[in-house]
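Participant: The structure's right below; bear with me while I get my questions together.
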Amino acid sequence: MSLLPKPPSSENSSPAYRTGTLVIFDQDGASQTAVILEIAKNKAKILTMRERQMDLAFGRISLLPGTIPSDHQSHSEKATYLLSLRDTALEASQTIPLEELWSFVEEESREFTCDELCELYYGANDLTHHLALRFALQEDPVYFKRKKHHFEPRPKATIDELKKAEATRKEKERALRQSVEAMSARLEDSSYEFSQEVLAHLRLLEKVAAGAPHLDNAEHKEAKKLLDLFSEKLSLQLGGGREERAYEFLRRLHHFHRNTNLSFLRHGLPEPFSEATCQEAEALSSLSSFSALTAEEQAFRVDLTHLDSLTIDDESTKDMDDALSIERTEDGYRLGIHITDVAACIPTNSALDRDAKERATSLYFPEGTYNMFPEILSEERLSLRVGEPRRALSILIEVDRLFEIQSHSIVPSVIEVKRRLTYDEVDQALLLEQGDEFLLYQIAMSCEAHRLANGGMNIPKRDVSVSLDNPGNLAESSFDLAELDEKGPARSLIGEMMILANNYYALFAQQHNFPLLFRSQEDPDEEKRPDLSQIPPGPAQDYAMRLGLKRSEISVTPARHSTLGLEAYAQVTSPIRRYGDLCNQRQILSFLKEGEACLSAEQLEQAMAETAETNQRARLLTRETKRFWLLKYLKKKKSRKENIQATILRDDMKNYLVELEEIYIPAYLKKSTKLTRGDVVELEITAVDPRYDYLKLGFRKKV
């Protein structure tokens, strides 16, 4: 049974409206107090606390239990009283415990007038308490639901949800206030450190500034709110579109600097390794010697630690996964190509394996390296380091004195690298045409000749490497470019040896009928082959040759690879760096050990599908990062008012496609002068923005 009297049929029946009665109404989302000046048929003329006169329908106003004091005669006096009444009631409303009031009426499950609630809670419906309670009820987001001039207690379950939402809202407001304070401090002191909570507010703005894909409308709206709030609170004028505003804001905070690479924010870098992965990596011990293997594994592997194995890599390389050896025999030579045996050390479905699959590949940038495995493995315990025994998967190849291959075998092994050489050191040794390096080079060139005779192609491609002088302090680091000759003798030697090994691995799987992730490429269509006689030698001819090639494919069945001139090919030689290579190495090692592969074709296809998107993102990151630094190089040239030469690659499109000298990247040139493929031109750098990969070139003259 209800303990409260039933409400009247209407709180605001027209007879109650009379001159001098106080009322309240909503205007522009806020409540205002007023006094009735006159009564019409369906309306009341009122004077507001802002000293405005308005005609409002009865339905828009709500009566207050009081009248204007008789000694307030002028409109100014009345307005002053109304404003003071409102302010006093607002202050009092902050102390009203609505939860207590709600507990009195929550079982009623009906709508209440403010008159009823005031009578219930205070024992009288006087003006001061009524107005304070009304303000409290109107501003209440939790206990009562407002229905025009009435208030209904909410169910307890709803209140619990609203309390959580309200707590979240207040926490968000608190965090925003803290962020504004921290950003203000950073504007005053560029060394001020942001907390993780403040950095969380900047993550969305980072993505907006970078033009990250897959941001939805809600995220864009939230970013706009943040930019508007921060620019207002910090008195910052931010012009341009949303991306430019976000970038400029983060730059002024010293959160971005001149070397900030937006590609990292656009596509995302790998997350840190999981704790489980790090623990497994620490637990994986190094191999001390062949004799330290179990008897079972000694029977399975061949001890090749006596060989004079060597690695050839860049001076900065730390994750070395391949080594070579050469022995003289009665009939010629025995070539060894040794790949670190990651498959034997990393269990399938372990935390290490799952993290490696998620990363799919190692990433190499001027700013730093992101390994597929933790550094303690990729650069130490799995890397082929001098003087440290390592499990390996070796291909031993018998070669005659004319450098023709006679036979080969694939064996699990243990090796120990004796020498580490750089490409530059090998190039110098090859000039002397003596030593093991020269023997290896002669074998490599013999293999290349066979591939080219079988339809393979050797298409030159010019490139540069980017190095930073202080990657530990990226904001202050400068950079240098160095020409990278992928077809130089030492690089050609290593490249050919890896092609040879990958070819033999693929043929081994084909012969024994088990699946690998094979790479293939169909032959070019004859009718689409370019007429190279019409194109001058150089970049334009090289580009035309590449343009005629078909895309390479990955499949679990072997097929011809046209550019390599091979009937089967599978990448196995970089198991530290590529997850696909690790899968292939597992297949081969399993077959050698158990007589059957460990993964079915369906499992390999699933692994390929699971890593496809990550591999694509890695390619985008690598390409965009390289281009970012090369456009910064062009920006330097522009600041010095230097021009740049280029070669016309294509003249059959809306704009010319050119290859820029010095940095060897493609770019577009607006057609203004008649030029043809192979022409060398001098260009002006009219505009360049490395942040957003923008480059505009102008024609100067034909060289």
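Within each chain, counting starts at residue 1; across the structure tokens, chains are named A, B, ... in the order shown, with ligands numbered 1 upward in that order.
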Contacts of Ile459 of chain A at 8 Å or less, counting only C-alpha atoms, minus same-chain residues fewer than 2 places along, as an mmCIF file with C-alpha atoms, in the first residue's frame?
Facilitator:
```
data_model
loop_
_atom_site.group_PDB
_atom_site.id
_atom_site.type_symbol
_atom_site.label_atom_id
_atom_site.label_comp_id
_atom_site.auth_asym_id
_atom_site.auth_seq_id
_atom_site.Cartn_x
_atom_site.Cartn_y
_atom_site.Cartn_z
ATOM 1 C CA MET A 457 66.850 -12.990 -65.744
ATOM 2 C CA LYS A 461 68.116 -2.457 -59.587
ATOM 3 C CA ASP A 542 65.530 -2.219 -66.531
ATOM 4 C CA MET A 545 61.953 -5.640 -68.111
ATOM 5 C CA ARG A 546 60.453 -5.650 -64.623
#
```
Participant: List the spatial neighbours of Ser93 of chain A as a ChimeraX atom specification - criterion: any atom at most 9 Å away, only C-alpha atoms, same-chain residues fewer than 6 positions off excluded.
Facilitator: /A:129,131-137
Participant: Which residues, written as a PDB file with N, CA and C atoms, in the first residue's frame, have at least one atom at most 9 Å from Leu604 of chain A, with only C-alpha atoms counted and residues fewer than 2 positions away on the same chain left out?
Facilitator:
```
ATOM      1  N   PRO A 515      54.588 -31.112 -48.665  1.00  0.00           N
ATOM      2  CA  PRO A 515      54.349 -29.694 -49.005  1.00  0.00           C
ATOM      3  C   PRO A 515      55.328 -28.742 -48.324  1.00  0.00           C
ATOM      4  N   LEU A 516      55.634 -27.686 -49.036  1.00  0.00           N
ATOM      5  CA  LEU A 516      56.327 -26.515 -48.496  1.00  0.00           C
ATOM      6  C   LEU A 516      55.556 -25.282 -48.955  1.00  0.00           C
ATOM      7  N   LEU A 517      55.951 -24.149 -48.450  1.00  0.00           N
ATOM      8  CA  LEU A 517      55.449 -22.888 -48.999  1.00  0.00           C
ATOM      9  C   LEU A 517      56.352 -22.538 -50.187  1.00  0.00           C
ATOM     10  N   VAL A 556      51.380 -24.396 -51.907  1.00  0.00           N
ATOM     11  CA  VAL A 556      51.920 -25.595 -51.262  1.00  0.00           C
ATOM     12  C   VAL A 556      52.338 -26.647 -52.290  1.00  0.00           C
ATOM     13  N   GLY A 580      57.594 -17.916 -42.487  1.00  0.00           N
ATOM     14  CA  GLY A 580      57.412 -18.888 -43.558  1.00  0.00           C
ATOM     15  C   GLY A 580      58.630 -19.777 -43.736  1.00  0.00           C
ATOM     16  N   CYS A 583      58.582 -22.391 -41.003  1.00  0.00           N
ATOM     17  CA  CYS A 583      57.641 -23.481 -41.323  1.00  0.00           C
ATOM     18  C   CYS A 583      58.271 -24.460 -42.308  1.00  0.00           C
ATOM     19  N   ASN A 584      58.919 -23.931 -43.341  1.00  0.00           N
ATOM     20  CA  ASN A 584      59.554 -24.801 -44.333  1.00  0.00           C
ATOM     21  C   ASN A 584      60.691 -25.603 -43.721  1.00  0.00           C
ATOM     22  N   LEU A 599      53.745 -30.889 -40.930  1.00  0.00           N
ATOM     23  CA  LEU A 599      52.592 -30.047 -41.221  1.00  0.00           C
ATOM     24  C   LEU A 599      51.930 -30.499 -42.514  1.00  0.00           C
ATOM     25  N   SER A 600      50.616 -30.532 -42.515  1.00  0.00           N
ATOM     26  CA  SER A 600      49.876 -30.866 -43.725  1.00  0.00           C
ATOM     27  C   SER A 600      49.815 -29.649 -44.635  1.00  0.00           C
ATOM     28  N   ALA A 601      49.381 -29.875 -45.856  1.00  0.00           N
ATOM     29  CA  ALA A 601      49.218 -28.754 -46.783  1.00  0.00           C
ATOM     30  C   ALA A 601      48.226 -27.738 -46.230  1.00  0.00           C
ATOM     31  N   GLU A 602      47.158 -28.224 -45.596  1.00  0.00           N
ATOM     32  CA  GLU A 602      46.145 -27.322 -45.036  1.00  0.00           C
ATOM     33  C   GLU A 602      46.726 -26.486 -43.900  1.00  0.00           C
ATOM     34  N   GLN A 606      47.077 -22.458 -43.795  1.00  0.00           N
ATOM     35  CA  GLN A 606      46.548 -21.677 -42.685  1.00  0.00           C
ATOM     36  C   GLN A 606      47.611 -20.735 -42.127  1.00  0.00           C
ATOM     37  N   ALA A 607      48.845 -21.242 -41.966  1.00  0.00           N
ATOM     38  CA  ALA A 607      49.943 -20.389 -41.483  1.00  0.00           C
ATOM     39  C   ALA A 607      50.197 -19.242 -42.457  1.00  0.00           C
ATOM     40  N   MET A 608      50.105 -19.550 -43.758  1.00  0.00           N
ATOM     41  CA  MET A 608      50.306 -18.515 -44.777  1.00  0.00           C
ATOM     42  C   MET A 608      49.210 -17.457 -44.675  1.00  0.00           C
ATOM     43  N   ALA A 609      47.965 -17.902 -44.465  1.00  0.00           N
ATOM     44  CA  ALA A 609      46.845 -16.961 -44.355  1.00  0.00           C
ATOM     45  C   ALA A 609      46.960 -16.108 -43.093  1.00  0.00           C
TER      46      ALA A 609
END
```
Participant: Can you pull out the residues contacting Met49 of chain A? Cut-off 12 Å, using only C-alpha atoms, and skip same-chain residues under 6 positions away; I want them as number ranges by chain.
Facilitator: A: 22-25, 27, 31-36, 68, 75-87
Participant: So which residues touch Glu661 of chain A within 8 Å, counting only C-alpha atoms, skipping near sequence neighbours fewer than 3 positions away, as a count of residues only?
Facilitator: 6
Participant: So how far away is atom CA of Arg617 of chain A from atom CA of Gln196 of chain A, in Å?
Facilitator: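 Computing it gives 26.6 Å between the two atoms.
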Participant: Go through A:Tyr333, A:Asp319, A:Glu358, A:Ser478 one by one, measure the shortest atom-to-atom distance of each to Gln442 of chain A using only C-alpha atoms, and give the residue with the smallest value.
Facilitator: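 The answer is A:Tyr333, which sits nearest to Gln442 of chain A.
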Participant: Have a look at A:Leu481, A:Gln279, A:Lys164, A:Glu375 and name the one nearest to Ser350 of chain A; count only C-alpha atoms.
Facilitator: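 Looking only at the distances to Ser350 of chain A, the closest residue turns out to be A:Gln279.
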Participant: Leaving out Leu262 of chain A and any residue of its chain fewer than 5 positions from it, which residues lie within 10 Å of it when counting only C-alpha atoms, given as JSON, numbers by chain?
Facilitator: {"A": [206, 207, 209, 210, 211, 212, 247, 256, 267, 268, 621, 624, 625, 628, 690, 691, 692, 693]}
Participant: Generate the output file for the selected residues, C-alpha atoms, as a PDB file, in the first residue's frame.
Facilitator:
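This went into again-v1.pdb:
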```pdb
ATOM      1  CA  GLU A 206      48.818  10.152 -33.203  1.00  0.00           C
ATOM      2  CA  LYS A 207      46.721   7.904 -35.450  1.00  0.00           C
ATOM      3  CA  ALA A 209      47.886  12.822 -37.485  1.00  0.00           C
ATOM      4  CA  ALA A 210      49.312   9.823 -39.349  1.00  0.00           C
ATOM      5  CA  GLY A 211      46.158   9.276 -41.407  1.00  0.00           C
ATOM      6  CA  ALA A 212      45.836   5.757 -40.018  1.00  0.00           C
ATOM      7  CA  TYR A 247      50.170  16.863 -36.185  1.00  0.00           C
ATOM      8  CA  PHE A 256      56.499  14.805 -32.445  1.00  0.00           C
ATOM      9  CA  HIS A 267      50.517   0.835 -39.596  1.00  0.00           C
ATOM     10  CA  GLY A 268      51.684   0.044 -36.067  1.00  0.00           C
ATOM     11  CA  LEU A 621      56.187  -0.095 -43.367  1.00  0.00           C
ATOM     12  CA  GLU A 624      57.147   3.967 -46.602  1.00  0.00           C
ATOM     13  CA  THR A 625      59.920   4.321 -44.019  1.00  0.00           C
ATOM     14  CA  PHE A 628      60.269   9.002 -45.718  1.00  0.00           C
ATOM     15  CA  PRO A 690      58.101  13.635 -46.106  1.00  0.00           C
ATOM     16  CA  ARG A 691      55.379  13.324 -43.459  1.00  0.00           C
ATOM     17  CA  TYR A 692      52.654  12.580 -45.985  1.00  0.00           C
ATOM     18  CA  ASP A 693      54.759  11.262 -48.870  1.00  0.00           C
TER      19      ASP A 693
END
```
Participant: Mind checking which residues fall within 10 Å of Gly456 of chain A, counting only C-alpha atoms, ignoring those fewer than 6 positions away in the same chain, and posting them as a count of residues only?
Facilitator: 10
Participant: For Leu589 of chain A, which of A:Ser184, A:Asn259, A:Thr311, A:Ser394 is the closest residue, counting only C-alpha atoms?
Facilitator: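 Ranked by minimum distance to Leu589 of chain A, first place goes to A:Ser394.
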Participant: Just list as an NGL selection string whatever in segment 301-481 of chain A DSSP marks as strand (DSSP E or B).
Facilitator: :A and (302-303 or 309-313 or 322-328 or 332-340 or 361 or 363-365 or 368-370 or 389-400 or 405-422 or 463-468 or 479-481)
Participant: Quick one: which segment 281-325 of chain A residues come within 10 Å of segment 409-423 of chain A, and what is the nearest atom pair for each with the distance in Å to one decimal, counting only C-alpha atoms, rows ordered by chain and ascending number, as JSON lines?
Facilitator:
```
{"residue": "A:Leu287", "atom": "CA", "partner": "A:Val414", "partner_atom": "CA", "distance": 9.2}
{"residue": "A:Ser289", "atom": "CA", "partner": "A:Val414", "partner_atom": "CA", "distance": 8.3}
{"residue": "A:Phe290", "atom": "CA", "partner": "A:Val414", "partner_atom": "CA", "distance": 6.4}
{"residue": "A:Leu293", "atom": "CA", "partner": "A:Val414", "partner_atom": "CA", "distance": 9.7}
{"residue": "A:Glu297", "atom": "CA", "partner": "A:Pro412", "partner_atom": "CA", "distance": 9.6}
{"residue": "A:Gln298", "atom": "CA", "partner": "A:Ser413", "partner_atom": "CA", "distance": 9.0}
{"residue": "A:Phe300", "atom": "CA", "partner": "A:Pro412", "partner_atom": "CA", "distance": 7.0}
{"residue": "A:Arg301", "atom": "CA", "partner": "A:Ser413", "partner_atom": "CA", "distance": 4.6}
{"residue": "A:Val302", "atom": "CA", "partner": "A:Ser413", "partner_atom": "CA", "distance": 4.4}
{"residue": "A:Asp303", "atom": "CA", "partner": "A:Val414", "partner_atom": "CA", "distance": 5.2}
{"residue": "A:Leu304", "atom": "CA", "partner": "A:Ile415", "partner_atom": "CA", "distance": 5.0}
{"residue": "A:Thr305", "atom": "CA", "partner": "A:Ile415", "partner_atom": "CA", "distance": 4.3}
{"residue": "A:His306", "atom": "CA", "partner": "A:Glu416", "partner_atom": "CA", "distance": 7.5}
{"residue": "A:Leu307", "atom": "CA", "partner": "A:Ile415", "partner_atom": "CA", "distance": 7.4}
{"residue": "A:Asp308", "atom": "CA", "partner": "A:Lys418", "partner_atom": "CA", "distance": 5.7}
{"residue": "A:Ser309", "atom": "CA", "partner": "A:Val417", "partner_atom": "CA", "distance": 4.8}
{"residue": "A:Leu310", "atom": "CA", "partner": "A:Arg419", "partner_atom": "CA", "distance": 4.7}
{"residue": "A:Thr311", "atom": "CA", "partner": "A:Arg420", "partner_atom": "CA", "distance": 4.9}
{"residue": "A:Ile312", "atom": "CA", "partner": "A:Leu421", "partner_atom": "CA", "distance": 4.8}
{"residue": "A:Asp313", "atom": "CA", "partner": "A:Thr422", "partner_atom": "CA", "distance": 5.1}
{"residue": "A:Asp314", "atom": "CA", "partner": "A:Thr422", "partner_atom": "CA", "distance": 5.4}
{"residue": "A:Glu315", "atom": "CA", "partner": "A:Thr422", "partner_atom": "CA", "distance": 5.6}
{"residue": "A:Ser316", "atom": "CA", "partner": "A:Thr422", "partner_atom": "CA", "distance": 9.1}
{"residue": "A:Thr317", "atom": "CA", "partner": "A:Thr422", "partner_atom": "CA", "distance": 9.2}
{"residue": "A:Met320", "atom": "CA", "partner": "A:Arg420", "partner_atom": "CA", "distance": 9.8}
{"residue": "A:Asp322", "atom": "CA", "partner": "A:Val417", "partner_atom": "CA", "distance": 10.0}
{"residue": "A:Ala323", "atom": "CA", "partner": "A:Val417", "partner_atom": "CA", "distance": 7.3}
{"residue": "A:Leu324", "atom": "CA", "partner": "A:Val417", "partner_atom": "CA", "distance": 8.8}
{"residue": "A:Ser325", "atom": "CA", "partner": "A:Val417", "partner_atom": "CA", "distance": 9.1}
```
Participant: One decimal, Å: what's the distance from atom CA of Ile61 of chain A over to atom CA of Phe144 of chain A, could you say?
Facilitator: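 Separation of atom CA of Ile61 of chain A and atom CA of Phe144 of chain A: 20.0 Å.
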Participant: Tell me, which residues of segment 465-655 of chain A carry DSSP alpha helix (DSSP H), written as a PyMOL selection string?
Facilitator: chain A and resi 489-512+539-547+579-594+601-639
Participant: Can you write out as CSV which residues of segment 259-292 of chain A fall within 10 Å of segment 337-348 of chain A, alongside each residue's closest atom pair and its distance in Å to one decimal, counting only C-alpha atoms and ordering rows by chain and ascending residue number?
Facilitator:
```
residue,atom,partner,partner_atom,distance
A:Glu280,CA,A:Ile346,CA,9.3
A:Ala281,CA,A:Ile346,CA,9.3
A:Leu284,CA,A:Cys345,CA,7.7
A:Ser285,CA,A:Cys345,CA,9.6
```
Participant: Using only C-alpha atoms, please write the residues we just selected to a file, as an mmCIF file, in the first residue's frame.
Facilitator:
```cif
data_model
loop_
_atom_site.group_PDB
_atom_site.id
_atom_site.type_symbol
_atom_site.label_atom_id
_atom_site.label_comp_id
_atom_site.auth_asym_id
_atom_site.auth_seq_id
_atom_site.Cartn_x
_atom_site.Cartn_y
_atom_site.Cartn_z
ATOM 1 C CA GLU A 280 61.047 -19.367 -22.881
ATOM 2 C CA ALA A 281 63.807 -17.417 -24.629
ATOM 3 C CA LEU A 284 66.724 -21.829 -24.213
ATOM 4 C CA SER A 285 70.407 -22.489 -23.576
#
```
Participant: Could you check how far atom CA of Pro69 of chain A sits from atom CA of Thr21 of chain A, in Å to one decimal?
Facilitator: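 Between atom CA of Pro69 of chain A and atom CA of Thr21 of chain A the gap is 9.9 Å.
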